[in-house]
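Next comes final_33.txt, with compact mmCIF, N, CA and C atoms.
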# COMPACT_ATOMS: atom_id res chain seq x y z
N MET I 1 -9.84 242.18 -23.83
CA MET I 1 -9.09 243.35 -24.21
C MET I 1 -8.06 242.93 -25.25
N GLY I 2 -7.96 243.68 -26.33
CA GLY I 2 -7.05 243.34 -27.42
C GLY I 2 -5.61 243.66 -27.09
N LYS I 3 -4.75 243.30 -28.02
CA LYS I 3 -3.33 243.58 -27.85
C LYS I 3 -3.08 245.08 -27.92
N LYS I 4 -2.17 245.54 -27.08
CA LYS I 4 -1.81 246.95 -27.12
C LYS I 4 -0.79 247.17 -28.23
N THR I 5 -0.92 248.28 -28.89
CA THR I 5 0.04 248.60 -29.93
C THR I 5 1.32 249.13 -29.29
N ARG I 6 2.38 249.17 -30.08
CA ARG I 6 3.66 249.66 -29.58
C ARG I 6 3.53 251.11 -29.12
N ARG I 7 2.77 251.89 -29.83
CA ARG I 7 2.59 253.30 -29.47
C ARG I 7 1.86 253.43 -28.13
N GLN I 8 0.85 252.59 -27.90
CA GLN I 8 0.13 252.64 -26.63
C GLN I 8 1.04 252.25 -25.47
N ARG I 9 1.90 251.24 -25.67
CA ARG I 9 2.83 250.85 -24.62
C ARG I 9 3.82 251.97 -24.32
N LYS I 10 4.36 252.59 -25.37
CA LYS I 10 5.31 253.70 -25.17
C LYS I 10 4.65 254.85 -24.42
N THR I 11 3.40 255.15 -24.78
CA THR I 11 2.67 256.21 -24.09
C THR I 11 2.47 255.87 -22.62
N PHE I 12 2.11 254.62 -22.34
CA PHE I 12 1.93 254.19 -20.95
C PHE I 12 3.23 254.33 -20.16
N TYR I 13 4.34 253.87 -20.72
CA TYR I 13 5.63 253.95 -20.03
C TYR I 13 6.03 255.41 -19.80
N LEU I 14 5.81 256.25 -20.79
CA LEU I 14 6.14 257.66 -20.65
C LEU I 14 5.30 258.31 -19.56
N LEU I 15 4.00 258.00 -19.53
CA LEU I 15 3.13 258.55 -18.48
C LEU I 15 3.51 258.04 -17.10
N LEU I 16 3.93 256.80 -17.00
CA LEU I 16 4.36 256.25 -15.72
C LEU I 16 5.57 256.99 -15.18
N VAL I 17 6.58 257.17 -16.01
CA VAL I 17 7.78 257.88 -15.58
C VAL I 17 7.46 259.34 -15.29
N ALA I 18 6.60 259.96 -16.10
CA ALA I 18 6.21 261.35 -15.86
C ALA I 18 5.48 261.49 -14.53
N ALA I 19 4.60 260.55 -14.21
CA ALA I 19 3.87 260.61 -12.94
C ALA I 19 4.83 260.49 -11.76
N LEU I 20 5.82 259.62 -11.88
CA LEU I 20 6.80 259.49 -10.81
C LEU I 20 7.65 260.75 -10.67
N ALA I 21 8.02 261.36 -11.79
CA ALA I 21 8.79 262.60 -11.75
C ALA I 21 7.97 263.73 -11.12
N ILE I 22 6.68 263.79 -11.45
CA ILE I 22 5.82 264.81 -10.85
C ILE I 22 5.69 264.57 -9.35
N GLY I 23 5.58 263.32 -8.94
CA GLY I 23 5.55 263.00 -7.51
C GLY I 23 6.81 263.45 -6.80
N CYS I 24 7.93 263.33 -7.48
CA CYS I 24 9.20 263.79 -6.90
C CYS I 24 9.19 265.31 -6.72
N VAL I 25 8.71 266.03 -7.73
CA VAL I 25 8.65 267.50 -7.66
C VAL I 25 7.70 267.94 -6.55
N VAL I 26 6.56 267.27 -6.42
CA VAL I 26 5.60 267.62 -5.37
C VAL I 26 6.20 267.37 -3.99
N ALA I 27 6.93 266.28 -3.84
CA ALA I 27 7.57 265.99 -2.55
C ALA I 27 8.62 267.05 -2.20
N ILE I 28 9.35 267.51 -3.20
CA ILE I 28 10.33 268.57 -2.94
C ILE I 28 9.61 269.87 -2.57
N HIS I 29 8.50 270.16 -3.22
CA HIS I 29 7.73 271.37 -2.92
C HIS I 29 7.26 271.37 -1.46
N TYR I 30 6.83 270.24 -0.97
CA TYR I 30 6.37 270.14 0.41
C TYR I 30 7.50 269.83 1.39
N GLU I 31 8.74 269.93 0.91
CA GLU I 31 9.96 269.73 1.71
C GLU I 31 10.01 268.36 2.38
N ASN I 32 9.47 267.38 1.73
CA ASN I 32 9.58 265.99 2.18
C ASN I 32 10.68 265.34 1.35
N TYR I 33 11.92 265.58 1.76
CA TYR I 33 13.06 265.21 0.93
C TYR I 33 13.28 263.70 0.85
N TRP I 34 12.97 262.98 1.91
CA TRP I 34 13.11 261.52 1.85
C TRP I 34 12.13 260.93 0.83
N ARG I 35 10.93 261.45 0.81
CA ARG I 35 9.94 260.99 -0.17
C ARG I 35 10.39 261.36 -1.58
N ALA I 36 11.01 262.53 -1.73
CA ALA I 36 11.51 262.95 -3.04
C ALA I 36 12.64 262.03 -3.51
N VAL I 37 13.52 261.65 -2.60
CA VAL I 37 14.61 260.74 -2.96
C VAL I 37 14.04 259.39 -3.36
N TRP I 38 13.08 258.89 -2.59
CA TRP I 38 12.48 257.59 -2.90
C TRP I 38 11.77 257.63 -4.24
N THR I 39 10.95 258.65 -4.46
CA THR I 39 10.20 258.75 -5.71
C THR I 39 11.14 258.97 -6.89
N GLY I 40 12.15 259.81 -6.70
CA GLY I 40 13.10 260.07 -7.77
C GLY I 40 13.90 258.84 -8.15
N SER I 41 14.37 258.09 -7.15
CA SER I 41 15.12 256.87 -7.47
C SER I 41 14.22 255.83 -8.12
N PHE I 42 12.97 255.78 -7.71
CA PHE I 42 12.04 254.84 -8.34
C PHE I 42 11.75 255.26 -9.78
N ALA I 43 11.63 256.57 -10.03
CA ALA I 43 11.41 257.06 -11.39
C ALA I 43 12.60 256.75 -12.29
N ILE I 44 13.80 256.97 -11.79
CA ILE I 44 15.00 256.67 -12.58
C ILE I 44 15.10 255.18 -12.83
N ALA I 45 14.86 254.37 -11.80
CA ALA I 45 14.94 252.92 -11.96
C ALA I 45 13.89 252.42 -12.96
N THR I 46 12.69 252.97 -12.90
CA THR I 46 11.65 252.56 -13.83
C THR I 46 12.02 252.90 -15.26
N ALA I 47 12.49 254.12 -15.48
CA ALA I 47 12.90 254.52 -16.83
C ALA I 47 14.06 253.66 -17.33
N CYS I 48 15.03 253.42 -16.47
CA CYS I 48 16.18 252.60 -16.87
C CYS I 48 15.76 251.17 -17.21
N TRP I 49 14.90 250.58 -16.40
CA TRP I 49 14.47 249.21 -16.67
C TRP I 49 13.66 249.11 -17.96
N ILE I 50 12.83 250.13 -18.21
CA ILE I 50 12.05 250.11 -19.46
C ILE I 50 12.99 250.14 -20.65
N ILE I 51 13.97 251.04 -20.61
CA ILE I 51 14.93 251.13 -21.72
C ILE I 51 15.81 249.89 -21.77
N ALA I 52 16.29 249.43 -20.62
CA ALA I 52 17.22 248.30 -20.59
C ALA I 52 16.59 247.00 -21.03
N VAL I 53 15.30 246.86 -20.90
CA VAL I 53 14.65 245.61 -21.26
C VAL I 53 13.93 245.68 -22.61
N LEU I 54 13.48 246.85 -23.02
CA LEU I 54 12.66 246.95 -24.22
C LEU I 54 13.32 247.63 -25.42
N TYR I 55 14.39 248.38 -25.22
CA TYR I 55 15.02 249.11 -26.31
C TYR I 55 15.64 248.14 -27.32
N PRO I 56 15.26 248.20 -28.60
CA PRO I 56 15.79 247.24 -29.57
C PRO I 56 17.24 247.55 -29.97
N VAL I 57 18.11 246.56 -29.81
CA VAL I 57 19.52 246.69 -30.17
C VAL I 57 19.95 245.42 -30.89
N SER I 58 21.14 245.43 -31.46
CA SER I 58 21.66 244.20 -32.03
C SER I 58 22.35 243.40 -30.94
N CYS I 59 22.37 242.09 -31.08
CA CYS I 59 22.93 241.21 -30.06
C CYS I 59 24.43 241.46 -29.89
N ALA I 60 25.19 241.42 -30.97
CA ALA I 60 26.61 241.74 -31.02
C ALA I 60 27.52 240.77 -30.26
N VAL I 61 27.04 239.60 -29.87
CA VAL I 61 27.91 238.59 -29.28
C VAL I 61 28.76 237.98 -30.40
N THR I 62 30.05 237.82 -30.16
CA THR I 62 30.92 237.25 -31.18
C THR I 62 30.59 235.78 -31.34
N THR I 63 30.28 235.36 -32.56
CA THR I 63 29.89 233.99 -32.84
C THR I 63 31.11 233.11 -33.06
N ARG I 64 30.88 231.83 -33.30
CA ARG I 64 31.99 230.89 -33.52
C ARG I 64 32.82 231.25 -34.73
N GLN I 65 32.22 231.95 -35.68
CA GLN I 65 32.95 232.37 -36.88
C GLN I 65 33.76 233.64 -36.63
N GLY I 66 33.65 234.23 -35.46
CA GLY I 66 34.38 235.43 -35.12
C GLY I 66 33.68 236.72 -35.53
N LEU I 67 32.45 236.62 -35.99
CA LEU I 67 31.68 237.78 -36.40
C LEU I 67 30.64 238.12 -35.34
N PRO I 68 30.27 239.39 -35.22
CA PRO I 68 29.22 239.74 -34.25
C PRO I 68 27.86 239.22 -34.70
N CYS I 69 27.07 238.75 -33.76
CA CYS I 69 25.72 238.27 -34.04
C CYS I 69 24.87 239.43 -34.54
N ARG I 70 24.14 239.21 -35.62
CA ARG I 70 23.32 240.27 -36.21
C ARG I 70 21.87 240.19 -35.79
N ASN I 71 21.52 239.26 -34.97
CA ASN I 71 20.13 239.16 -34.51
C ASN I 71 19.77 240.35 -33.63
N THR I 72 18.51 240.67 -33.61
CA THR I 72 18.07 241.76 -32.73
C THR I 72 17.77 241.22 -31.35
N ALA I 73 18.00 242.06 -30.37
CA ALA I 73 17.73 241.72 -28.98
C ALA I 73 16.90 242.85 -28.39
N ASN I 74 16.10 242.53 -27.40
CA ASN I 74 15.32 243.54 -26.71
C ASN I 74 16.09 244.01 -25.49
N GLY I 75 16.54 245.24 -25.51
CA GLY I 75 17.24 245.83 -24.38
C GLY I 75 18.73 245.53 -24.39
N VAL I 76 19.44 246.27 -23.56
CA VAL I 76 20.89 246.12 -23.49
C VAL I 76 21.33 245.09 -22.47
N LEU I 77 20.41 244.54 -21.69
CA LEU I 77 20.80 243.58 -20.67
C LEU I 77 21.08 242.20 -21.24
N PHE I 78 20.24 241.74 -22.13
CA PHE I 78 20.34 240.38 -22.63
C PHE I 78 20.59 240.38 -24.13
N GLY I 79 21.15 239.27 -24.61
CA GLY I 79 21.37 239.11 -26.04
C GLY I 79 20.13 238.54 -26.71
N CYS I 80 20.32 238.04 -27.93
CA CYS I 80 19.21 237.43 -28.65
C CYS I 80 18.84 236.09 -27.99
N SER I 81 17.93 235.37 -28.57
CA SER I 81 17.47 234.13 -27.95
C SER I 81 18.57 233.08 -27.84
N ARG I 82 19.57 233.14 -28.71
CA ARG I 82 20.68 232.18 -28.65
C ARG I 82 21.75 232.58 -27.66
N HIS I 83 21.90 233.88 -27.39
CA HIS I 83 23.01 234.37 -26.58
C HIS I 83 22.53 235.16 -25.35
N THR I 84 21.39 234.82 -24.83
CA THR I 84 20.77 235.61 -23.77
C THR I 84 21.71 235.81 -22.58
N TRP I 85 22.18 234.74 -21.99
CA TRP I 85 22.95 234.85 -20.76
C TRP I 85 24.40 235.20 -21.01
N ILE I 86 24.92 234.93 -22.18
CA ILE I 86 26.31 235.30 -22.48
C ILE I 86 26.47 236.80 -22.38
N LYS I 87 25.56 237.55 -22.97
CA LYS I 87 25.64 239.00 -22.93
C LYS I 87 25.38 239.53 -21.51
N PHE I 88 24.46 238.90 -20.80
CA PHE I 88 24.15 239.35 -19.44
C PHE I 88 25.36 239.22 -18.53
N TRP I 89 25.98 238.04 -18.52
CA TRP I 89 27.11 237.81 -17.62
C TRP I 89 28.35 238.60 -18.02
N ALA I 90 28.41 239.03 -19.27
CA ALA I 90 29.56 239.83 -19.72
C ALA I 90 29.60 241.18 -19.01
N HIS I 91 28.45 241.68 -18.58
CA HIS I 91 28.44 242.94 -17.84
C HIS I 91 29.17 242.82 -16.52
N PHE I 92 29.24 241.62 -15.99
CA PHE I 92 29.93 241.37 -14.72
C PHE I 92 31.32 240.80 -14.92
N GLY I 93 31.77 240.74 -16.17
CA GLY I 93 33.11 240.24 -16.45
C GLY I 93 33.20 238.73 -16.56
N ARG I 94 32.09 238.04 -16.58
CA ARG I 94 32.10 236.58 -16.69
C ARG I 94 31.62 236.19 -18.08
N HIS I 95 32.26 235.19 -18.65
CA HIS I 95 31.86 234.70 -19.96
C HIS I 95 31.57 233.21 -19.85
N GLU I 96 30.44 232.83 -20.36
CA GLU I 96 30.04 231.42 -20.32
C GLU I 96 30.68 230.70 -21.50
N ARG I 97 31.28 229.56 -21.24
CA ARG I 97 31.89 228.77 -22.32
C ARG I 97 30.83 227.85 -22.92
N LEU I 98 30.85 227.76 -24.23
CA LEU I 98 29.91 226.90 -24.93
C LEU I 98 30.65 225.76 -25.60
N GLN I 99 29.96 224.67 -25.82
CA GLN I 99 30.54 223.55 -26.56
C GLN I 99 30.66 223.93 -28.02
N VAL I 100 31.84 223.72 -28.58
CA VAL I 100 32.09 224.05 -29.98
C VAL I 100 32.39 222.76 -30.72
N ARG I 101 31.90 222.64 -31.93
CA ARG I 101 32.09 221.41 -32.69
C ARG I 101 33.49 221.26 -33.27
N THR I 102 34.19 222.36 -33.43
CA THR I 102 35.53 222.28 -34.01
C THR I 102 36.53 221.83 -32.96
N THR I 103 37.73 221.45 -33.41
CA THR I 103 38.75 221.01 -32.46
C THR I 103 39.35 222.18 -31.70
N ALA I 104 39.41 223.34 -32.33
CA ALA I 104 39.91 224.52 -31.63
C ALA I 104 38.87 224.96 -30.61
N SER I 105 39.29 225.12 -29.40
CA SER I 105 38.35 225.44 -28.33
C SER I 105 38.13 226.95 -28.27
N ARG I 106 37.33 227.44 -29.20
CA ARG I 106 36.95 228.86 -29.17
C ARG I 106 35.54 228.94 -28.59
N ALA I 107 35.35 229.89 -27.73
CA ALA I 107 34.02 230.06 -27.13
C ALA I 107 33.38 231.32 -27.67
N GLU I 108 32.05 231.35 -27.65
CA GLU I 108 31.35 232.57 -28.02
C GLU I 108 31.53 233.56 -26.89
N ARG I 109 31.85 234.75 -27.23
CA ARG I 109 32.07 235.78 -26.22
C ARG I 109 31.42 237.07 -26.68
N PRO I 110 31.06 237.92 -25.74
CA PRO I 110 30.40 239.16 -26.13
C PRO I 110 31.39 240.13 -26.76
N ALA I 111 30.90 240.87 -27.72
CA ALA I 111 31.69 241.93 -28.32
C ALA I 111 31.72 243.10 -27.34
N PRO I 112 32.68 243.98 -27.49
CA PRO I 112 32.69 245.15 -26.60
C PRO I 112 31.40 245.94 -26.73
N GLU I 113 30.81 246.26 -25.59
CA GLU I 113 29.56 247.01 -25.57
C GLU I 113 29.84 248.48 -25.85
N PRO I 114 28.92 249.15 -26.50
CA PRO I 114 29.07 250.61 -26.62
C PRO I 114 29.03 251.25 -25.24
N ALA I 115 29.63 252.40 -25.10
CA ALA I 115 29.71 253.05 -23.79
C ALA I 115 28.33 253.35 -23.22
N HIS I 116 27.37 253.77 -24.06
CA HIS I 116 26.05 254.10 -23.54
C HIS I 116 25.32 252.87 -23.01
N ALA I 117 25.59 251.69 -23.56
CA ALA I 117 24.95 250.47 -23.07
C ALA I 117 25.48 250.11 -21.68
N ASN I 118 26.79 250.25 -21.47
CA ASN I 118 27.36 249.97 -20.15
C ASN I 118 26.87 250.97 -19.12
N VAL I 119 26.80 252.24 -19.49
CA VAL I 119 26.31 253.26 -18.57
C VAL I 119 24.86 252.98 -18.20
N LEU I 120 24.04 252.64 -19.19
CA LEU I 120 22.64 252.33 -18.92
C LEU I 120 22.51 251.11 -18.02
N PHE I 121 23.31 250.07 -18.26
CA PHE I 121 23.26 248.87 -17.44
C PHE I 121 23.57 249.19 -15.98
N TRP I 122 24.66 249.90 -15.74
CA TRP I 122 25.06 250.18 -14.35
C TRP I 122 24.15 251.22 -13.71
N LEU I 123 23.63 252.16 -14.47
CA LEU I 123 22.66 253.11 -13.93
C LEU I 123 21.39 252.38 -13.50
N THR I 124 20.99 251.39 -14.26
CA THR I 124 19.82 250.59 -13.90
C THR I 124 20.06 249.85 -12.59
N ILE I 125 21.23 249.24 -12.45
CA ILE I 125 21.56 248.50 -11.22
C ILE I 125 21.61 249.44 -10.02
N VAL I 126 22.29 250.59 -10.15
CA VAL I 126 22.42 251.53 -9.03
C VAL I 126 21.07 252.12 -8.65
N ALA I 127 20.27 252.52 -9.63
CA ALA I 127 18.96 253.09 -9.33
C ALA I 127 18.05 252.07 -8.67
N THR I 128 18.11 250.84 -9.12
CA THR I 128 17.29 249.79 -8.51
C THR I 128 17.72 249.53 -7.07
N CYS I 129 19.02 249.48 -6.83
CA CYS I 129 19.51 249.26 -5.46
C CYS I 129 19.14 250.42 -4.55
N SER I 130 19.28 251.66 -5.03
CA SER I 130 18.93 252.81 -4.19
C SER I 130 17.43 252.85 -3.91
N GLY I 131 16.62 252.50 -4.90
CA GLY I 131 15.18 252.43 -4.68
C GLY I 131 14.81 251.35 -3.68
N PHE I 132 15.49 250.21 -3.76
CA PHE I 132 15.23 249.12 -2.82
C PHE I 132 15.64 249.52 -1.40
N ILE I 133 16.79 250.16 -1.25
CA ILE I 133 17.25 250.59 0.07
C ILE I 133 16.30 251.63 0.65
N SER I 134 15.88 252.59 -0.19
CA SER I 134 14.95 253.61 0.27
C SER I 134 13.61 253.00 0.68
N MET I 135 13.13 252.05 -0.11
CA MET I 135 11.87 251.39 0.22
C MET I 135 11.99 250.62 1.54
N THR I 136 13.12 249.94 1.72
CA THR I 136 13.33 249.16 2.94
C THR I 136 13.35 250.05 4.17
N THR I 137 14.03 251.21 4.08
CA THR I 137 14.06 252.11 5.24
C THR I 137 12.68 252.70 5.51
N ASP I 138 11.89 252.97 4.46
CA ASP I 138 10.52 253.47 4.67
C ASP I 138 9.64 252.43 5.36
N VAL I 139 9.75 251.19 4.93
CA VAL I 139 8.97 250.12 5.54
C VAL I 139 9.41 249.89 6.98
N ALA I 140 10.72 249.94 7.22
CA ALA I 140 11.22 249.77 8.59
C ALA I 140 10.75 250.93 9.47
N GLY I 141 10.61 252.13 8.91
CA GLY I 141 10.13 253.28 9.67
C GLY I 141 8.67 253.14 10.09
N LEU I 142 7.91 252.33 9.37
CA LEU I 142 6.51 252.11 9.75
C LEU I 142 6.38 251.38 11.08
N PHE I 143 7.39 250.59 11.44
CA PHE I 143 7.32 249.77 12.65
C PHE I 143 8.00 250.41 13.84
N ASP I 144 8.48 251.65 13.68
CA ASP I 144 9.11 252.35 14.83
C ASP I 144 8.09 253.02 15.69
How would this structure read if it were set down as C-alpha cells?
Amino acid sequence: MGKKTRRQRKTFYLLLVAALAIGCVVAIHYENYWRAVWTGSFAIATACWIIAVLYPVSCAVTTRQGLPCRNTANGVLFGCSRHTWIKFWAHFGRHERLQVRTTASRAERPAPEPAHANVLFWLTIVATCSGFISMTTDVAGLFD
C-alpha cells in the first residue's frame, strides 16, 4: 500500500471524529447517557489529539540569541526537533535548562504561547482524562 496523501489523512481523521459524534447522538437518542458521555469525551479527545499533534505551527521557543525559533513544529504540544521537550514542559510551568557556550548563563525558554494553543493543550488533557475515567468505569462495570 502506498503512502497516504495529506488530503486522505485529513479525510480519515474527519470521518473518525464524525463517526464518534454520530455515535454520541445515537446514544442520546436511545437515552443511554453514560454511553453518550463516553463517546462524546472520546470524540473530543480524538479531535484534540489530532489537532494537538498534527497541526503545523511555528516552534516559537526563545533561542540563545533571544529570538523566537522559526522552525516549524507539528502540533501545539511539542516544539521543533531541537526544542521538543522544552515546549512540552513549558505547559506545566517547567523549563529545561540547556548548556550554553557563552559565559552568561542564559537558557532557552519557551515564548509565551498564544491563548488558543494553551486552551487546546488543556482541553486535550481534560478530554483524555475524562475518556480514560469513563472507560475505566465501563470496564469495571463489566465485572459487577
Write out as a tab-separated table the residues of region 28-66 of chain I that have any atom within 12 Å of an atom of region 72-77 of chain I, one row each with the nearest atom pair and its distance in Å to one decimal, counting only C-alpha atoms, sorted by chain and then rising number.
residue	atom	partner	partner_atom	distance
I:Cys48	CA	I:Gly75	CA	10.2
I:Trp49	CA	I:Gly75	CA	8.9
I:Ile50	CA	I:Gly75	CA	8.3
I:Ile51	CA	I:Gly75	CA	6.4
I:Ala52	CA	I:Gly75	CA	4.5
I:Val53	CA	I:Gly75	CA	4.1
I:Leu54	CA	I:Gly75	CA	4.7
I:Tyr55	CA	I:Gly75	CA	4.4
I:Pro56	CA	I:Asn74	CA	4.7
I:Val57	CA	I:Ala73	CA	5.4
I:Ser58	CA	I:Thr72	CA	4.4
I:Cys59	CA	I:Ala73	CA	5.3
I:Ala60	CA	I:Thr72	CA	8.7
I:Val61	CA	I:Ala73	CA	10.7
Considering only strand (DSSP E) as DSSP defines it on the backbone, what residues of region 33-142 of chain I qualify? List them as a VMD selection string. chain I and resid 56 to 58 61 to 62 72 to 74 109 to 110
Residues of region 14-144 of chain I classed as helix (DSSP H, G or I) by DSSP on the backbone are to be reported as a ChimeraX atom specification. /I:14-29,33-54,84-90,115-142
One-decimal distance in Å that lies between atom C of Ala36 (chain I) and atom C of Thr128 (chain I): 14.0 Å
Put a box with edges along x, y and z around all the listed atoms of region 119-136 of chain I, pad it by 4 Å on each side, then give me its centre and sizes in Å, one decimal, as JSON.
{"center_x": 19.3, "center_y": 251.1, "center_z": -7.7, "size_x": 22.9, "size_y": 13.1, "size_z": 31.7}
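Proximity to Leu120 (chain I) was assessed for I:Gly66, I:Ile44, I:Gly141, I:Thr136 counting only C-alpha atoms; the smallest distance is recorded for I:Ile44.
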Could you state the separation of CA of Ser41 (chain I) and CA of Ser130 (chain I) in Å, given to one decimal place? 6.5 Å
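Across the structure, atom N of Gly131 (chain I) and CA of Ala43 (chain I) are spaced 9.5 Å apart.
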